[in-house]
$ cat protein03.txt   # compact mmCIF, C-alpha atoms
# COMPACT_ATOMS: atom_id res chain seq x y z
CA MET A 1 78.94 31.59 0.09
CA LYS A 2 79.00 33.37 3.45
CA LEU A 3 76.30 32.51 5.98
CA GLU A 4 75.39 36.21 6.10
CA SER A 5 74.78 36.19 2.35
CA ILE A 6 72.40 33.24 2.58
CA GLN A 7 70.53 34.85 5.46
CA ALA A 8 70.27 38.16 3.60
CA ALA A 9 68.81 36.38 0.58
CA LYS A 10 66.21 34.59 2.71
CA ASN A 11 65.34 37.85 4.46
CA ALA A 12 64.69 39.48 1.07
CA TYR A 13 61.77 37.09 0.50
CA ARG A 14 60.32 37.94 3.92
CA ILE A 15 60.73 41.70 3.46
CA GLU A 16 59.00 41.73 0.07
CA MET A 17 56.18 39.43 1.23
CA GLU A 18 55.52 41.81 4.12
CA CYS A 19 55.49 44.74 1.68
CA ILE A 20 52.85 43.15 -0.54
CA GLU A 21 50.72 42.30 2.49
CA GLY A 22 51.05 45.92 3.64
CA LEU A 23 49.93 47.14 0.22
CA ARG A 24 46.88 44.90 0.35
CA GLU A 25 45.95 46.19 3.82
CA ARG A 26 46.21 49.80 2.59
CA PHE A 27 44.21 49.24 -0.60
CA ASP A 28 42.15 52.38 -1.34
CA GLU A 29 39.13 51.18 -3.30
CA ALA A 30 37.91 54.66 -4.22
CA ALA A 31 41.27 55.83 -5.61
CA PHE A 32 41.89 52.53 -7.37
CA SER A 33 38.43 52.59 -8.97
CA LYS A 34 39.00 56.12 -10.27
CA ALA A 35 42.36 55.11 -11.75
CA VAL A 36 40.82 52.09 -13.47
CA ALA A 37 38.02 54.25 -14.92
CA LEU A 38 40.54 56.75 -16.30
CA LEU A 39 42.63 54.00 -17.89
CA ALA A 40 39.59 52.20 -19.30
CA ASN A 41 38.32 55.35 -21.02
CA ALA A 42 41.61 56.78 -22.29
CA GLN A 43 42.42 56.61 -25.98
CA ARG A 44 46.13 56.62 -25.13
CA ILE A 45 48.10 55.95 -21.96
CA GLY A 46 51.54 57.25 -21.07
CA ALA A 47 53.81 56.08 -18.27
CA SER A 48 56.81 57.92 -16.91
CA GLY A 49 59.34 57.58 -14.13
CA CYS A 50 63.07 57.67 -13.46
CA GLY A 51 65.50 54.95 -12.44
CA HIS A 52 63.88 51.77 -11.16
CA SER A 53 60.45 53.43 -11.32
CA GLY A 54 61.01 54.19 -14.99
CA ILE A 55 61.95 50.59 -15.73
CA ILE A 56 58.79 49.34 -14.01
CA CYS A 57 56.75 51.97 -15.90
CA GLN A 58 58.02 50.40 -19.14
CA HIS A 59 56.59 47.13 -17.86
CA PHE A 60 53.29 48.91 -17.13
CA ALA A 61 53.08 50.24 -20.69
CA HIS A 62 53.59 46.71 -22.02
CA LEU A 63 50.93 45.35 -19.65
CA MET A 64 48.48 47.87 -21.07
CA CYS A 65 49.35 46.97 -24.67
CA CYS A 66 48.77 43.29 -23.83
CA ILE A 67 45.12 44.12 -23.10
CA GLU A 68 44.88 46.48 -26.07
CA ARG A 69 45.01 49.75 -24.15
CA PRO A 70 47.39 51.73 -26.41
CA ALA A 71 50.29 52.79 -24.19
CA LYS A 72 53.92 53.78 -24.28
CA PHE A 73 56.68 54.68 -21.87
CA ILE A 74 57.57 58.36 -22.17
CA SER A 75 61.09 59.07 -20.99
CA PRO A 76 61.12 62.14 -18.72
CA ALA A 77 63.99 63.52 -20.79
CA GLU A 78 62.12 63.03 -24.06
CA ALA A 79 58.80 64.25 -22.60
CA VAL A 80 60.00 67.86 -22.50
CA HIS A 81 61.52 67.60 -25.99
CA GLY A 82 58.33 66.78 -27.86
CA GLY A 83 57.53 63.36 -26.43
CA MET A 84 54.35 64.62 -24.78
CA GLY A 85 52.88 65.08 -28.23
CA TYR A 86 51.80 61.45 -27.95
CA LEU A 87 49.10 62.37 -25.41
CA GLN A 88 46.02 64.43 -26.18
CA ALA A 89 43.15 65.89 -24.13
CA GLY A 90 41.34 63.16 -22.22
CA ASP A 91 44.31 60.79 -22.30
CA VAL A 92 46.10 59.56 -19.17
CA ILE A 93 49.67 59.56 -17.94
CA LEU A 94 50.74 57.45 -15.00
CA MET A 95 53.77 58.88 -13.21
CA ALA A 96 55.65 56.93 -10.56
CA SER A 97 57.90 58.53 -7.97
CA ARG A 98 58.24 57.11 -4.49
CA GLY A 99 58.95 60.53 -2.97
CA GLY A 100 56.77 62.44 -5.44
CA LYS A 101 59.45 65.08 -5.94
CA THR A 102 61.48 63.67 -8.84
CA GLY A 103 62.71 66.81 -10.57
CA GLU A 104 62.59 65.33 -14.06
CA LEU A 105 58.86 64.58 -13.73
CA LEU A 106 57.66 67.94 -12.45
CA PRO A 107 57.78 69.83 -15.80
CA ILE A 108 55.52 67.15 -17.29
CA ILE A 109 52.77 68.14 -14.85
CA ASP A 110 52.36 71.61 -16.38
CA ILE A 111 52.20 70.13 -19.89
CA CYS A 112 49.45 67.75 -18.74
CA LYS A 113 47.44 70.52 -17.13
CA ARG A 114 47.62 72.69 -20.24
CA LYS A 115 46.74 69.81 -22.59
CA GLY A 116 43.96 68.31 -20.47
CA VAL A 117 45.80 65.04 -19.84
CA HIS A 118 44.76 63.22 -16.67
CA ILE A 119 47.49 62.32 -14.17
CA ILE A 120 47.61 59.16 -12.08
CA ALA A 121 50.37 59.44 -9.49
CA VAL A 122 51.90 56.46 -7.74
CA THR A 123 53.82 57.69 -4.70
CA GLU A 124 54.32 57.25 -0.97
CA ASN A 125 54.19 60.99 -0.38
CA GLU A 126 50.64 62.32 -0.62
CA ALA A 127 51.88 65.83 0.25
CA SER A 128 54.34 65.87 -2.65
CA PRO A 129 54.05 68.13 -5.72
CA LEU A 130 53.23 65.12 -7.90
CA ALA A 131 50.45 63.89 -5.62
CA GLN A 132 48.99 67.36 -5.16
CA SER A 133 48.78 67.86 -8.93
CA ALA A 134 47.33 64.44 -9.78
CA ASP A 135 43.74 63.53 -10.61
CA VAL A 136 44.15 60.39 -8.54
CA VAL A 137 46.87 59.09 -6.22
CA LEU A 138 47.66 55.41 -5.76
CA LYS A 139 49.56 55.11 -2.50
CA GLN A 140 52.79 53.17 -2.71
CA TYR A 141 53.83 51.44 0.51
CA VAL A 142 57.38 50.25 1.12
CA ASN A 143 58.41 48.76 4.45
CA ARG A 144 62.11 48.78 3.55
CA GLU A 145 64.42 47.82 0.73
CA THR A 146 65.94 44.35 0.91
CA ASP A 147 69.61 45.33 1.20
CA LYS A 148 71.22 46.01 4.58
CA TYR A 149 71.63 49.68 3.72
CA ASN A 150 67.94 50.11 2.83
CA ALA A 151 69.10 51.89 -0.32
CA GLN A 152 68.61 49.75 -3.44
CA GLY A 153 65.35 49.95 -5.42
CA THR A 154 64.26 46.41 -4.65
CA THR A 155 61.14 46.26 -2.48
CA SER A 156 59.99 49.59 -3.89
CA SER A 157 60.13 48.10 -7.40
CA THR A 158 58.13 45.09 -6.26
CA ALA A 159 55.51 47.38 -4.69
CA LEU A 160 55.19 49.33 -7.93
CA CYS A 161 54.92 46.12 -9.95
CA MET A 162 52.18 44.84 -7.65
CA ILE A 163 50.13 48.01 -8.11
CA PHE A 164 50.51 47.76 -11.89
CA HIS A 165 49.59 44.08 -11.91
CA ALA A 166 46.46 44.84 -9.89
CA LEU A 167 45.51 47.59 -12.37
CA GLN A 168 45.85 45.27 -15.35
CA THR A 169 43.93 42.51 -13.59
CA ALA A 170 41.05 44.89 -12.82
CA LEU A 171 41.06 46.36 -16.34
CA ILE A 172 40.67 42.89 -17.88
CA GLU A 173 37.42 42.59 -15.91
CA GLU A 174 36.31 46.19 -16.42
CA THR A 175 36.75 46.13 -20.20
CA ASP A 176 35.63 42.50 -20.61
CA TYR A 177 38.89 41.71 -22.36
CA GLN A 178 38.80 38.23 -23.88
CA ASN A 179 41.59 35.67 -24.10
CA GLU A 180 40.82 35.26 -27.80
CA GLN A 181 41.85 38.89 -28.31
CA PHE A 182 45.14 38.22 -26.58
CA ALA A 183 45.70 35.12 -28.73
CA LEU A 184 45.56 37.29 -31.86
CA ILE A 185 48.26 39.69 -30.69
CA HIS A 186 50.39 37.05 -28.95
CA PRO A 187 51.16 34.27 -31.44
CA GLY A 188 54.77 34.00 -30.30
CA GLY A 189 56.42 31.70 -27.79
CA ALA A 190 54.96 28.99 -25.59
CA VAL A 191 52.13 31.28 -24.47
CA GLY A 192 51.16 31.99 -28.07
CA GLU A 193 51.26 28.29 -28.91
CA ARG A 194 48.94 27.50 -26.01
CA LEU A 195 46.56 30.38 -26.76
CA ASN A 196 46.27 29.53 -30.46
CA LYS A 197 46.10 25.75 -30.14
CA LYS A 198 43.27 24.47 -32.30
$ encode --input "protein03.txt" --output "structure tokens"
Amino acid sequence: MKLESIQAAKNAYRIEMECIEGLRERFDEAAFSKAVALLANAQRIGASGCGHSGIICQHFAHLMCCIERPAKFISPAEAVHGGMGYLQAGDVILMASRGGKTGELLPIIDICKRKGVHIIAVTENEASPLAQSADVVLKQYVNRETDKYNAQGTTSSTALCMIFHALQTALIEETDYQNEQFALIHPGGAVGERLNKK
């Protein structure tokens, strides 16, 4: 392997560590608390995004299901072809877009407004259409992507994951979710074996 390749790999760890530290320093308690309250009180939760953001939103939906907050990923393409029927008045959709201008997400905003679905936006751009239409904005911070071109969705994906992990961690406390509940829905694998050990 080239020396440059090894150095680039090591730099990736440093770049992403600095990103997470930057997120922690910029933590907005008021916005985060409002997002947690919306998620804790929603009957159903949707998550939507494109590209890397969409993949991490699928992870978010699974995180919510793991603490028994009914959730599903709603593909932006499917959302405008009936998929938004999953969400009803009082429910929540979390939409992730670093720039807040992702064209595929914008039509979903009007559906949410007309149905009374709350919007949590995760974006860097607080002046964006997504942020301006949201009930609450969780600010994404990205120092730079890890590749030399600053183009691949690496650090930005990590930042999004960190925000979602923090939300789940807080919701476990807020809803008093018990490990015994998780044991019931997670009998599989090594985790299930440990949780259900008599």
$ closest_residue --input "protein03.txt" --among "A:Tyr177, A:Tyr141, A:Phe164, A:Tyr149" --to "Cys19 (chain A)" --atoms "all atoms listed in the file"
A:Tyr141
$ residues_around --input "protein03.txt" --residues "His118 (chain A)" --least-positions-apart "2" --cutoff "7 Å" --atoms "all atoms listed in the file" --output "ChimeraX atom specification"
/A:90-93,112,116,120,135
$ write_last_selection --input "protein03.txt" --atoms "C-alpha atoms" --output "mmCIF file, keeping the file's coordinate frame"
data_model
loop_
_atom_site.group_PDB
_atom_site.id
_atom_site.type_symbol
_atom_site.label_atom_id
_atom_site.label_comp_id
_atom_site.auth_asym_id
_atom_site.auth_seq_id
_atom_site.Cartn_x
_atom_site.Cartn_y
_atom_site.Cartn_z
ATOM 1 C CA GLY A 90 41.340 63.160 -22.220
ATOM 2 C CA ASP A 91 44.310 60.790 -22.300
ATOM 3 C CA VAL A 92 46.100 59.560 -19.170
ATOM 4 C CA ILE A 93 49.670 59.560 -17.940
ATOM 5 C CA CYS A 112 49.450 67.750 -18.740
ATOM 6 C CA GLY A 116 43.960 68.310 -20.470
ATOM 7 C CA ILE A 120 47.610 59.160 -12.080
ATOM 8 C CA ASP A 135 43.740 63.530 -10.610
#
$ atom_distance --input "protein03.txt" --atom1 "CA of Thr155 (chain A)" --atom2 "CA of Pro107 (chain A)"
27.3 Å
$ atom_distance --input "protein03.txt" --atom1 "CA of Gln178 (chain A)" --atom2 "CA of Ala37 (chain A)"
18.4 Å
$ closest_residue --input "protein03.txt" --among "A:Ser97, A:Thr158, A:Asn143, A:Gln132" --to "Cys50 (chain A)" --atoms "only C-alpha atoms"
A:Ser97
$ closest_residue --input "protein03.txt" --among "A:Leu106, A:Met95, A:Ala12, A:Ile55" --to "Val80 (chain A)" --atoms "all atoms listed in the file"
A:Leu106
$ residues_around --input "protein03.txt" --residues "Ala159 (chain A)" --least-positions-apart "3" --cutoff "8 Å" --atoms "only C-alpha atoms" --output "PDB file with C-alpha atoms, keeping the file's coordinate frame"
ATOM      1  CA  CYS A  19      55.490  44.740   1.680  1.00  0.00           C
ATOM      2  CA  ILE A  20      52.850  43.150  -0.540  1.00  0.00           C
ATOM      3  CA  LEU A  23      49.930  47.140   0.220  1.00  0.00           C
ATOM      4  CA  GLN A 140      52.790  53.170  -2.710  1.00  0.00           C
ATOM      5  CA  TYR A 141      53.830  51.440   0.510  1.00  0.00           C
ATOM      6  CA  VAL A 142      57.380  50.250   1.120  1.00  0.00           C
ATOM      7  CA  THR A 155      61.140  46.260  -2.480  1.00  0.00           C
ATOM      8  CA  SER A 156      59.990  49.590  -3.890  1.00  0.00           C
ATOM      9  CA  MET A 162      52.180  44.840  -7.650  1.00  0.00           C
ATOM     10  CA  ILE A 163      50.130  48.010  -8.110  1.00  0.00           C
TER      11      ILE A 163
END
$ residues_near_point --input "protein03.txt" --point "(41.3, 57.6, -24.3)" --cutoff "9 Å" --atoms "all atoms listed in the file" --output "list in words"
Leu38, Leu39, Ala40, Asn41, Ala42, Gln43, Arg44, Ile45, Arg69, Pro70, Gln88, Ala89, Gly90, Asp91 and Val92 of chain A
$ closest_residue --input "protein03.txt" --among "A:Asn150, A:His186, A:Arg98, A:Lys115" --to "Ser128 (chain A)" --atoms "only C-alpha atoms"
A:Arg98
$ atom_distance --input "protein03.txt" --atom1 "CA of Asn179 (chain A)" --atom2 "CA of Cys161 (chain A)"
22.1 Å
$ closest_residue --input "protein03.txt" --among "A:Val191, A:Ala151, A:Leu167, A:Ala9" --to "Phe60 (chain A)" --atoms "all atoms listed in the file"
A:Leu167
$ closest_residue --input "protein03.txt" --among "A:Asp110, A:Phe27, A:Ala35, A:Ala61" --to "Glu174 (chain A)" --atoms "all atoms listed in the file"
A:Ala35
$ residues_around --input "protein03.txt" --residues "Ile185 (chain A)" --least-positions-apart "6" --cutoff "9 Å" --atoms "all atoms listed in the file" --output "PyMOL selection string"
chain A and resi 66+68+192
$ residues_around --input "protein03.txt" --residues "Ser133 (chain A)" --least-positions-apart "3" --cutoff "9 Å" --atoms "all atoms listed in the file" --output "ChimeraX atom specification"
/A:109,113,119,121,128-130,136
$ write_last_selection --input "protein03.txt" --atoms "C-alpha atoms" --output "tab-separated table (two decimals), keeping the file's coordinate frame"
chain	number	residue	atom	x	y	z
A	109	ILE	CA	52.77	68.14	-14.85
A	113	LYS	CA	47.44	70.52	-17.13
A	119	ILE	CA	47.49	62.32	-14.17
A	121	ALA	CA	50.37	59.44	-9.49
A	128	SER	CA	54.34	65.87	-2.65
A	129	PRO	CA	54.05	68.13	-5.72
A	130	LEU	CA	53.23	65.12	-7.90
A	136	VAL	CA	44.15	60.39	-8.54
$ residues_around --input "protein03.txt" --residues "Leu105 (chain A)" --least-positions-apart "3" --cutoff "7 Å" --atoms "only C-alpha atoms" --output "MDAnalysis selection string"
chainID A and resid 76 102 108
$ decode --input "protein03.txt" --residues "region 44-178 of chain A" --atoms "C-alpha atoms" --output "JSON list (two decimals), in the first residue's frame"
[["chain", "number", "residue", "atom", "x", "y", "z"],
["A", 44, "ARG", "CA", -45.75, 6.98, 14.05],
["A", 45, "ILE", "CA", -42.38, 8.28, 12.87],
["A", 46, "GLY", "CA", -41.18, 8.63, 9.30],
["A", 47, "ALA", "CA", -37.64, 9.27, 8.10],
["A", 48, "SER", "CA", -36.63, 10.42, 4.66],
["A", 49, "GLY", "CA", -33.50, 11.46, 2.81],
["A", 50, "CYS", "CA", -31.58, 10.84, -0.40],
["A", 51, "GLY", "CA", -28.25, 9.18, -1.05],
["A", 52, "HIS", "CA", -26.10, 8.69, 2.03],
["A", 53, "SER", "CA", -28.61, 10.66, 4.11],
["A", 54, "GLY", "CA", -31.33, 8.26, 3.05],
["A", 55, "ILE", "CA", -29.25, 5.25, 4.05],
["A", 56, "ILE", "CA", -28.60, 6.74, 7.49],
["A", 57, "CYS", "CA", -32.33, 7.58, 7.79],
["A", 58, "GLN", "CA", -33.05, 3.87, 7.33],
["A", 59, "HIS", "CA", -30.76, 3.28, 10.30],
["A", 60, "PHE", "CA", -32.69, 5.92, 12.27],
["A", 61, "ALA", "CA", -36.01, 4.19, 11.58],
["A", 62, "HIS", "CA", -34.55, 0.92, 12.87],
["A", 63, "LEU", "CA", -33.18, 2.67, 15.97],
["A", 64, "MET", "CA", -36.69, 3.92, 16.71],
["A", 65, "CYS", "CA", -38.22, 0.47, 16.24],
["A", 66, "CYS", "CA", -35.64, -0.96, 18.65],
["A", 67, "ILE", "CA", -37.13, 1.22, 21.40],
["A", 68, "GLU", "CA", -40.69, 0.55, 20.24],
["A", 69, "ARG", "CA", -41.33, 3.89, 18.57],
["A", 70, "PRO", "CA", -43.11, 2.69, 15.39],
["A", 71, "ALA", "CA", -41.07, 4.05, 12.49],
["A", 72, "LYS", "CA", -40.28, 3.44, 8.86],
["A", 73, "PHE", "CA", -38.07, 4.88, 6.16],
["A", 74, "ILE", "CA", -40.16, 6.61, 3.50],
["A", 75, "SER", "CA", -38.36, 6.79, 0.18],
["A", 76, "PRO", "CA", -38.69, 10.30, -1.29],
["A", 77, "ALA", "CA", -39.78, 8.71, -4.57],
["A", 78, "GLU", "CA", -42.45, 6.62, -2.89],
["A", 79, "ALA", "CA", -43.55, 9.46, -0.59],
["A", 80, "VAL", "CA", -45.21, 11.34, -3.46],
["A", 81, "HIS", "CA", -46.80, 8.16, -4.81],
["A", 82, "GLY", "CA", -48.87, 7.30, -1.75],
["A", 83, "GLY", "CA", -46.13, 6.53, 0.76],
["A", 84, "MET", "CA", -47.06, 9.49, 2.93],
["A", 85, "GLY", "CA", -50.29, 7.71, 3.77],
["A", 86, "TYR", "CA", -48.32, 6.05, 6.57],
["A", 87, "LEU", "CA", -48.25, 9.32, 8.55],
["A", 88, "GLN", "CA", -51.28, 10.97, 10.11],
["A", 89, "ALA", "CA", -51.95, 14.26, 11.93],
["A", 90, "GLY", "CA", -49.71, 14.57, 14.98],
["A", 91, "ASP", "CA", -47.11, 12.15, 13.63],
["A", 92, "VAL", "CA", -43.51, 13.13, 12.89],
["A", 93, "ILE", "CA", -41.22, 12.90, 9.90],
["A", 94, "LEU", "CA", -37.50, 13.45, 10.21],
["A", 95, "MET", "CA", -35.93, 14.67, 6.97],
["A", 96, "ALA", "CA", -32.18, 14.84, 6.50],
["A", 97, "SER", "CA", -30.48, 16.99, 3.89],
["A", 98, "ARG", "CA", -27.11, 18.58, 4.50],
["A", 99, "GLY", "CA", -27.88, 21.53, 2.22],
["A", 100, "GLY", "CA", -31.61, 21.57, 2.99],
["A", 101, "LYS", "CA", -32.47, 21.96, -0.68],
["A", 102, "THR", "CA", -32.77, 18.35, -1.86],
["A", 103, "GLY", "CA", -35.36, 18.59, -4.61],
["A", 104, "GLU", "CA", -36.88, 15.18, -3.94],
["A", 105, "LEU", "CA", -37.71, 16.14, -0.34],
["A", 106, "LEU", "CA", -39.38, 19.49, -0.95],
["A", 107, "PRO", "CA", -42.76, 18.13, -2.20],
["A", 108, "ILE", "CA", -43.05, 16.13, 1.03],
["A", 109, "ILE", "CA", -43.11, 19.38, 3.02],
["A", 110, "ASP", "CA", -46.43, 20.49, 1.52],
["A", 111, "ILE", "CA", -47.99, 17.08, 2.23],
["A", 112, "CYS", "CA", -46.86, 17.34, 5.86],
["A", 113, "LYS", "CA", -48.28, 20.83, 6.26],
["A", 114, "ARG", "CA", -51.65, 19.81, 4.83],
["A", 115, "LYS", "CA", -51.84, 16.62, 6.93],
["A", 116, "GLY", "CA", -50.61, 18.15, 10.20],
["A", 117, "VAL", "CA", -47.44, 16.05, 10.32],
["A", 118, "HIS", "CA", -44.59, 17.59, 12.31],
["A", 119, "ILE", "CA", -41.24, 18.03, 10.56],
["A", 120, "ILE", "CA", -37.83, 17.60, 12.18],
["A", 121, "ALA", "CA", -35.12, 18.80, 9.80],
["A", 122, "VAL", "CA", -31.49, 17.80, 10.10],
["A", 123, "THR", "CA", -29.40, 20.16, 7.99],
["A", 124, "GLU", "CA", -26.40, 22.47, 7.98],
["A", 125, "ASN", "CA", -28.33, 25.20, 6.22],
["A", 126, "GLU", "CA", -30.75, 26.95, 8.58],
["A", 127, "ALA", "CA", -31.80, 29.32, 5.77],
["A", 128, "SER", "CA", -32.80, 26.44, 3.48],
["A", 129, "PRO", "CA", -36.39, 25.66, 2.41],
["A", 130, "LEU", "CA", -36.36, 22.50, 4.53],
["A", 131, "ALA", "CA", -35.19, 24.30, 7.67],
["A", 132, "GLN", "CA", -37.59, 27.19, 7.17],
["A", 133, "SER", "CA", -40.54, 24.80, 6.90],
["A", 134, "ALA", "CA", -39.61, 22.57, 9.85],
["A", 135, "ASP", "CA", -41.08, 22.54, 13.34],
["A", 136, "VAL", "CA", -37.58, 22.03, 14.70],
["A", 137, "VAL", "CA", -34.11, 22.08, 13.15],
["A", 138, "LEU", "CA", -31.23, 19.95, 14.39],
["A", 139, "LYS", "CA", -28.06, 21.55, 13.08],
["A", 140, "GLN", "CA", -25.70, 19.21, 11.29],
["A", 141, "TYR", "CA", -22.04, 20.20, 11.44],
["A", 142, "VAL", "CA", -19.46, 18.80, 9.04],
["A", 143, "ASN", "CA", -15.87, 20.02, 9.09],
["A", 144, "ARG", "CA", -14.99, 18.21, 5.86],
["A", 145, "GLU", "CA", -15.38, 14.84, 4.22],
["A", 146, "THR", "CA", -12.51, 12.39, 4.69],
["A", 147, "ASP", "CA", -11.43, 12.04, 1.05],
["A", 148, "LYS", "CA", -8.90, 14.42, -0.49],
["A", 149, "TYR", "CA", -11.56, 15.89, -2.77],
["A", 150, "ASN", "CA", -13.92, 16.65, 0.13],
["A", 151, "ALA", "CA", -16.68, 15.07, -1.93],
["A", 152, "GLN", "CA", -17.69, 11.63, -0.59],
["A", 153, "GLY", "CA", -20.48, 11.33, 2.00],
["A", 154, "THR", "CA", -18.23, 10.10, 4.79],
["A", 155, "THR", "CA", -17.93, 12.58, 7.65],
["A", 156, "SER", "CA", -21.40, 13.92, 6.87],
["A", 157, "SER", "CA", -22.81, 10.40, 7.32],
["A", 158, "THR", "CA", -21.00, 10.05, 10.63],
["A", 159, "ALA", "CA", -22.40, 13.40, 11.80],
["A", 160, "LEU", "CA", -25.93, 12.31, 10.91],
["A", 161, "CYS", "CA", -25.45, 8.98, 12.67],
["A", 162, "MET", "CA", -24.21, 10.75, 15.80],
["A", 163, "ILE", "CA", -27.30, 12.97, 15.92],
["A", 164, "PHE", "CA", -29.56, 9.93, 15.52],
["A", 165, "HIS", "CA", -27.69, 7.98, 18.19],
["A", 166, "ALA", "CA", -28.05, 10.91, 20.58],
["A", 167, "LEU", "CA", -31.80, 11.06, 19.87],
["A", 168, "GLN", "CA", -32.27, 7.36, 20.60],
["A", 169, "THR", "CA", -30.17, 7.59, 23.76],
["A", 170, "ALA", "CA", -32.27, 10.49, 25.05],
["A", 171, "LEU", "CA", -35.56, 8.80, 24.10],
["A", 172, "ILE", "CA", -34.64, 5.70, 26.13],
["A", 173, "GLU", "CA", -34.44, 7.98, 29.18],
["A", 174, "GLU", "CA", -37.43, 10.13, 28.26],
["A", 175, "THR", "CA", -39.79, 7.19, 27.71],
["A", 176, "ASP", "CA", -38.30, 5.05, 30.50],
["A", 177, "TYR", "CA", -37.69, 2.26, 28.02],
["A", 178, "GLN", "CA", -36.62, -0.92, 29.79]]
